[in-house]
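Student: There's a structure below that I have some questions on.
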Amino acid sequence: MGHYRKGLPALTPQQKIFYAENGYILIERNVSEKLMEEVKQRFMDICNGNINHQVYLVMKEPSLKMTGVKGEYVVDKLQDFLNDEILWKYASDDAVVDVVEEIIGPNIVAIHSMFINKPPNADAGSSLHPMHQDMHYFPLRPSEKIVASWTALERVNENNGCLYVVPGSHKGPLYAHTYPDGFKKNLYHGVQGFENLKKKFVIMNKGDTVFFHPHLLHGSGPNRTQGFRKAISCHYASSDCEFIDVKGTIQENLAKEIQSSAQKVFGLDMAINELWTSKSRLVRGRLGKFHNASSHL
């Protein structure tokens, strides 16, 4: 679907049409080898306890916690890394942000960041990510001013748990999300009753980035190999986005769960909007309504 071309428009007119129709766009060779090696080494250093990291949350694969494995064999996610000097290089990388600007405009705030690792030998039901919409997690509007970047740090395919998408599903509403039957990985919610929708598996090479709309139905399968599946991701919103009051909506219970988790893990007693703004960071342009929002819940 094309590759990043420094100094030229980040998206062609045809790519913009494809994104509008399908809700995602794959840009090949988007992120440099140098940057990928830097962020992978940072992940390894954090996993191995070699640095005093600035990552908000280090998460471990639940099915592997009691097996005795360590480092990258048990850590499955670094979350909210925007204050880490090395991982921030990805969230602010021109090759990524230039594409983001084409989609949501010039005033850009990074609102959510993840380094995602699927280690081998995890329980399949825990290693997969149920079909979901990212908008489920964001008390922000409008959805058209939010976009995710997801960059493969090694080749990803169906064997090691690549992303799959339902093209065009971003045109639908935000659906109710719950924990799937028999599956409960903290905050990994999914939609129910959409199992028969036609999925497209997004096969990617190292350095490829897929950008997608927050209403797009997507997920990922388990890692069935003895290798890893590493990726780095960031969600961006226009600084002109506004917070909504989720009370009484299908997002209310999720907001309460996030608040409860923040209280339990970090001792943070904050309104949901304050939690989101506290972990966000301006990437490009000016701050707008986003950081001046009133808080709810």
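Labels used: A, B, ... for chains in the order of the structure tokens, numbers from 1 for residues in each chain, and numbers from 1 for ligands as shown.
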Excluding range 42-46 of chain A and residues on its chain fewer than 6 positions from it, collect all residues at most 7 Å away from it, counting only C-alpha atoms, and give them as an NGL selection string.

Tutor: :A and (53 or 72 or 86)

Student: I want to know what sits within 8 Å of range 235-240 of chain A, based on only C-alpha atoms, with residues of the same chain fewer than 6 positions away left out; could you give that as an mmCIF file with N, CA, C and O atoms, in the first residue's frame?

Tutor:
data_model
loop_
_atom_site.group_PDB
_atom_site.id
_atom_site.type_symbol
_atom_site.label_atom_id
_atom_site.label_comp_id
_atom_site.auth_asym_id
_atom_site.auth_seq_id
_atom_site.Cartn_x
_atom_site.Cartn_y
_atom_site.Cartn_z
ATOM 1 N N VAL A 100 -0.040 10.724 10.559
ATOM 2 C CA VAL A 100 -1.086 11.089 11.517
ATOM 3 C C VAL A 100 -1.664 12.458 11.176
ATOM 4 O O VAL A 100 -2.889 12.652 11.185
ATOM 5 N N ILE A 104 -5.646 13.456 10.953
ATOM 6 C CA ILE A 104 -6.391 14.187 11.995
ATOM 7 C C ILE A 104 -6.056 15.671 12.068
ATOM 8 O O ILE A 104 -6.643 16.381 12.876
ATOM 9 N N GLY A 105 -5.110 16.156 11.258
ATOM 10 C CA GLY A 105 -4.790 17.569 11.281
ATOM 11 C C GLY A 105 -3.512 17.884 12.041
ATOM 12 O O GLY A 105 -2.863 16.993 12.598
ATOM 13 N N PRO A 106 -3.131 19.175 12.116
ATOM 14 C CA PRO A 106 -1.801 19.562 12.573
ATOM 15 C C PRO A 106 -1.598 19.661 14.081
ATOM 16 O O PRO A 106 -0.452 19.723 14.535
ATOM 17 N N ASN A 107 -2.658 19.706 14.863
ATOM 18 C CA ASN A 107 -2.518 19.851 16.318
ATOM 19 C C ASN A 107 -2.707 18.488 16.973
ATOM 20 O O ASN A 107 -3.828 18.011 17.126
ATOM 21 N N ILE A 108 -1.598 17.872 17.363
ATOM 22 C CA ILE A 108 -1.592 16.436 17.668
ATOM 23 C C ILE A 108 -1.107 16.166 19.085
ATOM 24 O O ILE A 108 -0.030 16.626 19.488
ATOM 25 N N VAL A 109 -1.911 15.406 19.828
ATOM 26 C CA VAL A 109 -1.551 14.973 21.176
ATOM 27 C C VAL A 109 -1.459 13.449 21.183
ATOM 28 O O VAL A 109 -2.354 12.772 20.682
ATOM 29 N N ALA A 110 -0.366 12.919 21.710
ATOM 30 C CA ALA A 110 -0.268 11.475 21.940
ATOM 31 C C ALA A 110 -1.016 11.166 23.228
ATOM 32 O O ALA A 110 -0.751 11.775 24.268
ATOM 33 N N ILE A 111 -1.970 10.232 23.164
ATOM 34 C CA ILE A 111 -2.835 9.990 24.328
ATOM 35 C C ILE A 111 -2.657 8.601 24.938
ATOM 36 O O ILE A 111 -3.057 8.386 26.083
ATOM 37 N N HIS A 112 -2.085 7.676 24.181
ATOM 38 C CA HIS A 112 -1.942 6.314 24.705
ATOM 39 C C HIS A 112 -0.814 5.630 23.954
ATOM 40 O O HIS A 112 -0.731 5.729 22.729
ATOM 41 N N SER A 113 0.061 4.930 24.685
ATOM 42 C CA SER A 113 1.237 4.343 24.047
ATOM 43 C C SER A 113 1.497 2.954 24.605
ATOM 44 O O SER A 113 1.315 2.702 25.794
ATOM 45 N N LYS A 145 -11.117 12.399 14.599
ATOM 46 C CA LYS A 145 -9.904 13.130 14.954
ATOM 47 C C LYS A 145 -8.991 12.306 15.868
ATOM 48 O O LYS A 145 -8.171 12.860 16.605
ATOM 49 N N ILE A 146 -9.165 10.981 15.848
ATOM 50 C CA ILE A 146 -8.325 10.074 16.620
ATOM 51 C C ILE A 146 -7.814 8.997 15.675
ATOM 52 O O ILE A 146 -8.553 8.516 14.806
ATOM 53 N N VAL A 147 -6.555 8.600 15.807
ATOM 54 C CA VAL A 147 -5.999 7.559 14.955
ATOM 55 C C VAL A 147 -4.909 6.815 15.717
ATOM 56 O O VAL A 147 -4.237 7.387 16.581
ATOM 57 N N ALA A 148 -4.749 5.535 15.406
ATOM 58 C CA ALA A 148 -3.694 4.719 16.006
ATOM 59 C C ALA A 148 -2.609 4.448 14.986
ATOM 60 O O ALA A 148 -2.881 4.286 13.788
ATOM 61 N N SER A 149 -1.371 4.378 15.457
ATOM 62 C CA SER A 149 -0.266 3.835 14.665
ATOM 63 C C SER A 149 0.167 2.533 15.335
ATOM 64 O O SER A 149 0.174 2.431 16.566
ATOM 65 N N ARG A 286 -0.442 22.995 18.544
ATOM 66 C CA ARG A 286 -0.799 23.707 19.769
ATOM 67 C C ARG A 286 -1.737 22.874 20.634
ATOM 68 O O ARG A 286 -2.462 22.016 20.152
ATOM 69 N N LEU A 287 -1.714 23.162 21.915
ATOM 70 C CA LEU A 287 -2.698 22.577 22.819
ATOM 71 C C LEU A 287 -4.037 23.285 22.614
ATOM 72 O O LEU A 287 -4.084 24.492 22.414
ATOM 73 N N GLY A 288 -5.095 22.522 22.685
ATOM 74 C CA GLY A 288 -6.422 23.108 22.498
ATOM 75 C C GLY A 288 -7.348 22.732 23.630
ATOM 76 O O GLY A 288 -6.974 22.754 24.796
ATOM 77 N N LYS A 289 -8.548 22.300 23.277
ATOM 78 C CA LYS A 289 -9.575 21.979 24.266
ATOM 79 C C LYS A 289 -9.195 20.768 25.120
ATOM 80 O O LYS A 289 -9.634 20.651 26.254
ATOM 81 N N PHE A 290 -8.374 19.892 24.564
ATOM 82 C CA PHE A 290 -8.056 18.628 25.240
ATOM 83 C C PHE A 290 -7.570 18.830 26.660
ATOM 84 O O PHE A 290 -8.000 18.181 27.597
ATOM 85 N N HIS A 291 -6.660 19.750 26.861
ATOM 86 C CA HIS A 291 -6.074 19.949 28.184
ATOM 87 C C HIS A 291 -6.813 20.984 29.026
ATOM 88 O O HIS A 291 -6.359 21.331 30.109
#

Student: Please identify which residues in range 56-192 of chain A DSSP calls strand (DSSP E or B) from the backbone, and express them as a PDB file with N, CA and C atoms, in the first residue's frame.

Tutor:
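Below is the file that was written, selection13.pdb:
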ATOM      1  N   LEU A  57       3.679   1.704  33.195  1.00  0.00           N
ATOM      2  CA  LEU A  57       3.189   0.394  33.600  1.00  0.00           C
ATOM      3  C   LEU A  57       3.909  -0.702  32.828  1.00  0.00           C
ATOM      4  N   VAL A  58       4.459  -1.677  33.544  1.00  0.00           N
ATOM      5  CA  VAL A  58       5.072  -2.869  32.955  1.00  0.00           C
ATOM      6  C   VAL A  58       4.151  -4.040  33.262  1.00  0.00           C
ATOM      7  N   MET A  59       3.644  -4.706  32.220  1.00  0.00           N
ATOM      8  CA  MET A  59       2.641  -5.750  32.390  1.00  0.00           C
ATOM      9  C   MET A  59       3.227  -7.108  32.004  1.00  0.00           C
ATOM     10  N   LYS A  60       2.790  -8.149  32.711  1.00  0.00           N
ATOM     11  CA  LYS A  60       3.279  -9.494  32.448  1.00  0.00           C
ATOM     12  C   LYS A  60       2.138 -10.388  31.959  1.00  0.00           C
ATOM     13  N   VAL A  75       7.203 -10.494  30.051  1.00  0.00           N
ATOM     14  CA  VAL A  75       6.651  -9.141  29.884  1.00  0.00           C
ATOM     15  C   VAL A  75       5.932  -9.059  28.539  1.00  0.00           C
ATOM     16  N   ASP A  76       4.644  -8.726  28.577  1.00  0.00           N
ATOM     17  CA  ASP A  76       3.907  -8.651  27.319  1.00  0.00           C
ATOM     18  C   ASP A  76       3.522  -7.229  26.923  1.00  0.00           C
ATOM     19  N   LYS A  77       3.720  -6.259  27.823  1.00  0.00           N
ATOM     20  CA  LYS A  77       3.386  -4.885  27.431  1.00  0.00           C
ATOM     21  C   LYS A  77       4.073  -3.858  28.330  1.00  0.00           C
ATOM     22  N   LEU A  78       4.577  -2.798  27.704  1.00  0.00           N
ATOM     23  CA  LEU A  78       4.945  -1.569  28.393  1.00  0.00           C
ATOM     24  C   LEU A  78       3.894  -0.554  27.988  1.00  0.00           C
ATOM     25  N   GLN A  79       3.252   0.070  28.946  1.00  0.00           N
ATOM     26  CA  GLN A  79       2.143   0.970  28.632  1.00  0.00           C
ATOM     27  C   GLN A  79       2.398   2.366  29.169  1.00  0.00           C
ATOM     28  N   ILE A 108      -1.598  17.872  17.363  1.00  0.00           N
ATOM     29  CA  ILE A 108      -1.592  16.436  17.668  1.00  0.00           C
ATOM     30  C   ILE A 108      -1.107  16.166  19.085  1.00  0.00           C
ATOM     31  N   VAL A 109      -1.911  15.406  19.828  1.00  0.00           N
ATOM     32  CA  VAL A 109      -1.551  14.973  21.176  1.00  0.00           C
ATOM     33  C   VAL A 109      -1.459  13.449  21.183  1.00  0.00           C
ATOM     34  N   ALA A 110      -0.366  12.919  21.710  1.00  0.00           N
ATOM     35  CA  ALA A 110      -0.268  11.475  21.940  1.00  0.00           C
ATOM     36  C   ALA A 110      -1.016  11.166  23.228  1.00  0.00           C
ATOM     37  N   ILE A 111      -1.970  10.232  23.164  1.00  0.00           N
ATOM     38  CA  ILE A 111      -2.835   9.990  24.328  1.00  0.00           C
ATOM     39  C   ILE A 111      -2.657   8.601  24.938  1.00  0.00           C
ATOM     40  N   HIS A 112      -2.085   7.676  24.181  1.00  0.00           N
ATOM     41  CA  HIS A 112      -1.942   6.314  24.705  1.00  0.00           C
ATOM     42  C   HIS A 112      -0.814   5.630  23.954  1.00  0.00           C
ATOM     43  N   SER A 113       0.061   4.930  24.685  1.00  0.00           N
ATOM     44  CA  SER A 113       1.237   4.343  24.047  1.00  0.00           C
ATOM     45  C   SER A 113       1.497   2.954  24.605  1.00  0.00           C
ATOM     46  N   MET A 114       1.962   2.056  23.725  1.00  0.00           N
ATOM     47  CA  MET A 114       2.191   0.673  24.124  1.00  0.00           C
ATOM     48  C   MET A 114       3.356   0.067  23.346  1.00  0.00           C
ATOM     49  N   PHE A 115       4.216  -0.646  24.031  1.00  0.00           N
ATOM     50  CA  PHE A 115       5.147  -1.579  23.407  1.00  0.00           C
ATOM     51  C   PHE A 115       4.570  -2.958  23.690  1.00  0.00           C
ATOM     52  N   ILE A 116       4.210  -3.705  22.650  1.00  0.00           N
ATOM     53  CA  ILE A 116       3.461  -4.945  22.815  1.00  0.00           C
ATOM     54  C   ILE A 116       4.328  -6.132  22.412  1.00  0.00           C
ATOM     55  N   ASN A 117       4.411  -7.106  23.285  1.00  0.00           N
ATOM     56  CA  ASN A 117       5.221  -8.295  23.048  1.00  0.00           C
ATOM     57  C   ASN A 117       4.358  -9.532  23.255  1.00  0.00           C
ATOM     58  N   LYS A 118       4.362 -10.437  22.295  1.00  0.00           N
ATOM     59  CA  LYS A 118       3.701 -11.730  22.494  1.00  0.00           C
ATOM     60  C   LYS A 118       4.795 -12.782  22.656  1.00  0.00           C
ATOM     61  N   HIS A 129      -5.915 -11.147  21.399  1.00  0.00           N
ATOM     62  CA  HIS A 129      -6.627  -9.941  21.814  1.00  0.00           C
ATOM     63  C   HIS A 129      -8.002  -9.994  21.149  1.00  0.00           C
ATOM     64  N   PRO A 130      -9.088 -10.026  21.948  1.00  0.00           N
ATOM     65  CA  PRO A 130     -10.430 -10.156  21.359  1.00  0.00           C
ATOM     66  C   PRO A 130     -10.735  -9.020  20.383  1.00  0.00           C
ATOM     67  N   MET A 131     -11.642  -9.293  19.463  1.00  0.00           N
ATOM     68  CA  MET A 131     -12.073  -8.243  18.541  1.00  0.00           C
ATOM     69  C   MET A 131     -12.677  -7.081  19.317  1.00  0.00           C
ATOM     70  N   HIS A 132     -12.230  -5.873  19.016  1.00  0.00           N
ATOM     71  CA  HIS A 132     -12.669  -4.704  19.776  1.00  0.00           C
ATOM     72  C   HIS A 132     -12.537  -3.443  18.940  1.00  0.00           C
ATOM     73  N   LEU A 140     -13.373  10.603  24.370  1.00  0.00           N
ATOM     74  CA  LEU A 140     -13.077  11.763  23.528  1.00  0.00           C
ATOM     75  C   LEU A 140     -13.917  11.734  22.262  1.00  0.00           C
ATOM     76  N   ARG A 141     -14.194  12.886  21.729  1.00  0.00           N
ATOM     77  CA  ARG A 141     -14.888  13.011  20.453  1.00  0.00           C
ATOM     78  C   ARG A 141     -14.357  14.249  19.717  1.00  0.00           C
ATOM     79  N   ILE A 146      -9.165  10.981  15.848  1.00  0.00           N
ATOM     80  CA  ILE A 146      -8.325  10.074  16.620  1.00  0.00           C
ATOM     81  C   ILE A 146      -7.814   8.997  15.675  1.00  0.00           C
ATOM     82  N   VAL A 147      -6.555   8.600  15.807  1.00  0.00           N
ATOM     83  CA  VAL A 147      -5.999   7.559  14.955  1.00  0.00           C
ATOM     84  C   VAL A 147      -4.909   6.815  15.717  1.00  0.00           C
ATOM     85  N   ALA A 148      -4.749   5.535  15.406  1.00  0.00           N
ATOM     86  CA  ALA A 148      -3.694   4.719  16.006  1.00  0.00           C
ATOM     87  C   ALA A 148      -2.609   4.448  14.986  1.00  0.00           C
ATOM     88  N   SER A 149      -1.371   4.378  15.457  1.00  0.00           N
ATOM     89  CA  SER A 149      -0.266   3.835  14.665  1.00  0.00           C
ATOM     90  C   SER A 149       0.167   2.533  15.335  1.00  0.00           C
ATOM     91  N   TRP A 150       0.533   1.544  14.532  1.00  0.00           N
ATOM     92  CA  TRP A 150       0.958   0.227  15.048  1.00  0.00           C
ATOM     93  C   TRP A 150       2.069  -0.264  14.130  1.00  0.00           C
ATOM     94  N   THR A 151       3.287  -0.316  14.655  1.00  0.00           N
ATOM     95  CA  THR A 151       4.457  -0.633  13.839  1.00  0.00           C
ATOM     96  C   THR A 151       5.028  -1.995  14.211  1.00  0.00           C
ATOM     97  N   ALA A 152       5.222  -2.835  13.210  1.00  0.00           N
ATOM     98  CA  ALA A 152       5.815  -4.158  13.421  1.00  0.00           C
ATOM     99  C   ALA A 152       7.319  -4.013  13.614  1.00  0.00           C
ATOM    100  N   VAL A 156       5.390 -10.005  11.111  1.00  0.00           N
ATOM    101  CA  VAL A 156       4.223 -10.539  11.816  1.00  0.00           C
ATOM    102  C   VAL A 156       3.258 -11.158  10.810  1.00  0.00           C
ATOM    103  N   LEU A 163      -2.170  -8.565  13.574  1.00  0.00           N
ATOM    104  CA  LEU A 163      -3.468  -7.910  13.654  1.00  0.00           C
ATOM    105  C   LEU A 163      -4.387  -8.442  12.556  1.00  0.00           C
ATOM    106  N   TYR A 164      -5.670  -8.454  12.847  1.00  0.00           N
ATOM    107  CA  TYR A 164      -6.670  -8.607  11.798  1.00  0.00           C
ATOM    108  C   TYR A 164      -7.639  -7.447  11.918  1.00  0.00           C
ATOM    109  N   VAL A 165      -8.229  -7.054  10.799  1.00  0.00           N
ATOM    110  CA  VAL A 165      -9.166  -5.939  10.768  1.00  0.00           C
ATOM    111  C   VAL A 165     -10.422  -6.357  10.015  1.00  0.00           C
ATOM    112  N   THR A 178     -17.504  -6.309  26.403  1.00  0.00           N
ATOM    113  CA  THR A 178     -17.473  -7.037  27.670  1.00  0.00           C
ATOM    114  C   THR A 178     -16.257  -7.968  27.661  1.00  0.00           C
ATOM    115  N   GLY A 190     -13.918  -7.097  24.641  1.00  0.00           N
ATOM    116  CA  GLY A 190     -14.202  -7.394  23.246  1.00  0.00           C
ATOM    117  C   GLY A 190     -15.673  -7.268  22.938  1.00  0.00           C
TER     118      GLY A 190
END

Student: For a quick check of understanding, using only C-alpha atoms, which of A:Gly172, A:Pro167, A:Pro214, A:Gly182 has the smallest distance to Pro139 in chain A?

Tutor: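 Closest to Pro139 in chain A, using only C-alpha atoms: A:Pro214.
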
Student: Counting only C-alpha atoms, which residues of range 214-254 of chain A sit at most 12 Å from some atom of range 9-22 of chain A, and what is each one's closest atom pair with its distance in Å to one decimal, listed by chain and rising residue number, as CSV?

Tutor:
residue,atom,partner,partner_atom,distance
A:His215,CA,A:Asn22,CA,11.0
A:Leu216,CA,A:Asn22,CA,8.5
A:Leu217,CA,A:Asn22,CA,10.8

Student: How would the residues just chosen look if you wrote them out with N, CA and C atoms as a PDB file, in the first residue's frame?

Tutor:
ATOM      1  N   HIS A 215     -12.897   3.382  15.491  1.00  0.00           N
ATOM      2  CA  HIS A 215     -14.108   2.558  15.418  1.00  0.00           C
ATOM      3  C   HIS A 215     -13.857   1.248  14.665  1.00  0.00           C
ATOM      4  N   LEU A 216     -12.690   1.078  14.080  1.00  0.00           N
ATOM      5  CA  LEU A 216     -12.402  -0.120  13.295  1.00  0.00           C
ATOM      6  C   LEU A 216     -12.391  -1.355  14.183  1.00  0.00           C
ATOM      7  N   LEU A 217     -13.179  -2.361  13.846  1.00  0.00           N
ATOM      8  CA  LEU A 217     -13.142  -3.638  14.552  1.00  0.00           C
ATOM      9  C   LEU A 217     -11.847  -4.357  14.194  1.00  0.00           C
TER      10      LEU A 217
END

Student: I'd like the neighbourhood of Val55 in chain A as number ranges by chain, where a residue qualifies if any of its atoms comes within 8 Å (using only C-alpha atoms), though same-chain residues fewer than 4 positions away should be ignored.

Tutor: A: 78-84

Student: Would you list the contacts of Gln251 in chain A as a PDB file with C-alpha atoms, in the first residue's frame, taking every protein, DNA or RNA residue within 12 Å and counting only C-alpha atoms, but skipping same-chain residues closer than 4 positions in sequence?

Tutor:
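The resulting around-v1.pdb:
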ATOM      1  CA  GLN A 133     -12.815  -1.015  18.934  1.00  0.00           C
ATOM      2  CA  ASP A 134     -10.237   1.302  20.471  1.00  0.00           C
ATOM      3  CA  MET A 135     -12.880   4.015  20.845  1.00  0.00           C
ATOM      4  CA  HIS A 136     -14.318   1.913  23.676  1.00  0.00           C
ATOM      5  CA  TYR A 137     -11.446   3.174  25.837  1.00  0.00           C
ATOM      6  CA  PHE A 138     -11.454   6.860  24.859  1.00  0.00           C
ATOM      7  CA  PRO A 139     -13.875   9.400  26.413  1.00  0.00           C
ATOM      8  CA  LEU A 140     -13.077  11.763  23.528  1.00  0.00           C
ATOM      9  CA  LEU A 174     -19.380   2.169  18.938  1.00  0.00           C
ATOM     10  CA  TYR A 175     -20.572  -1.220  20.187  1.00  0.00           C
ATOM     11  CA  ALA A 176     -20.874  -2.499  23.743  1.00  0.00           C
ATOM     12  CA  HIS A 177     -17.787  -4.368  24.966  1.00  0.00           C
ATOM     13  CA  THR A 178     -17.473  -7.037  27.670  1.00  0.00           C
ATOM     14  CA  HIS A 189     -12.603  -6.240  26.471  1.00  0.00           C
ATOM     15  CA  ILE A 244     -17.559  13.601  26.889  1.00  0.00           C
ATOM     16  CA  ASP A 245     -19.374  12.661  30.072  1.00  0.00           C
ATOM     17  CA  VAL A 246     -19.470   8.843  29.922  1.00  0.00           C
ATOM     18  CA  LYS A 247     -21.916   8.540  32.816  1.00  0.00           C
ATOM     19  CA  ALA A 255     -14.114   4.197  32.880  1.00  0.00           C
ATOM     20  CA  LYS A 256     -14.778   2.992  36.425  1.00  0.00           C
ATOM     21  CA  GLU A 257     -12.570  -0.053  35.835  1.00  0.00           C
ATOM     22  CA  ILE A 258      -9.712   2.167  34.623  1.00  0.00           C
ATOM     23  CA  ILE A 272     -11.272   9.678  34.160  1.00  0.00           C
ATOM     24  CA  LEU A 297     -17.037  10.575  36.969  1.00  0.00           C
TER      25      LEU A 297
END

Student: To one decimal place in Å, what is the distance between CA of Lys34 in chain A and CA of Leu87 in chain A?

Tutor: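 The value is 12.6 Å.
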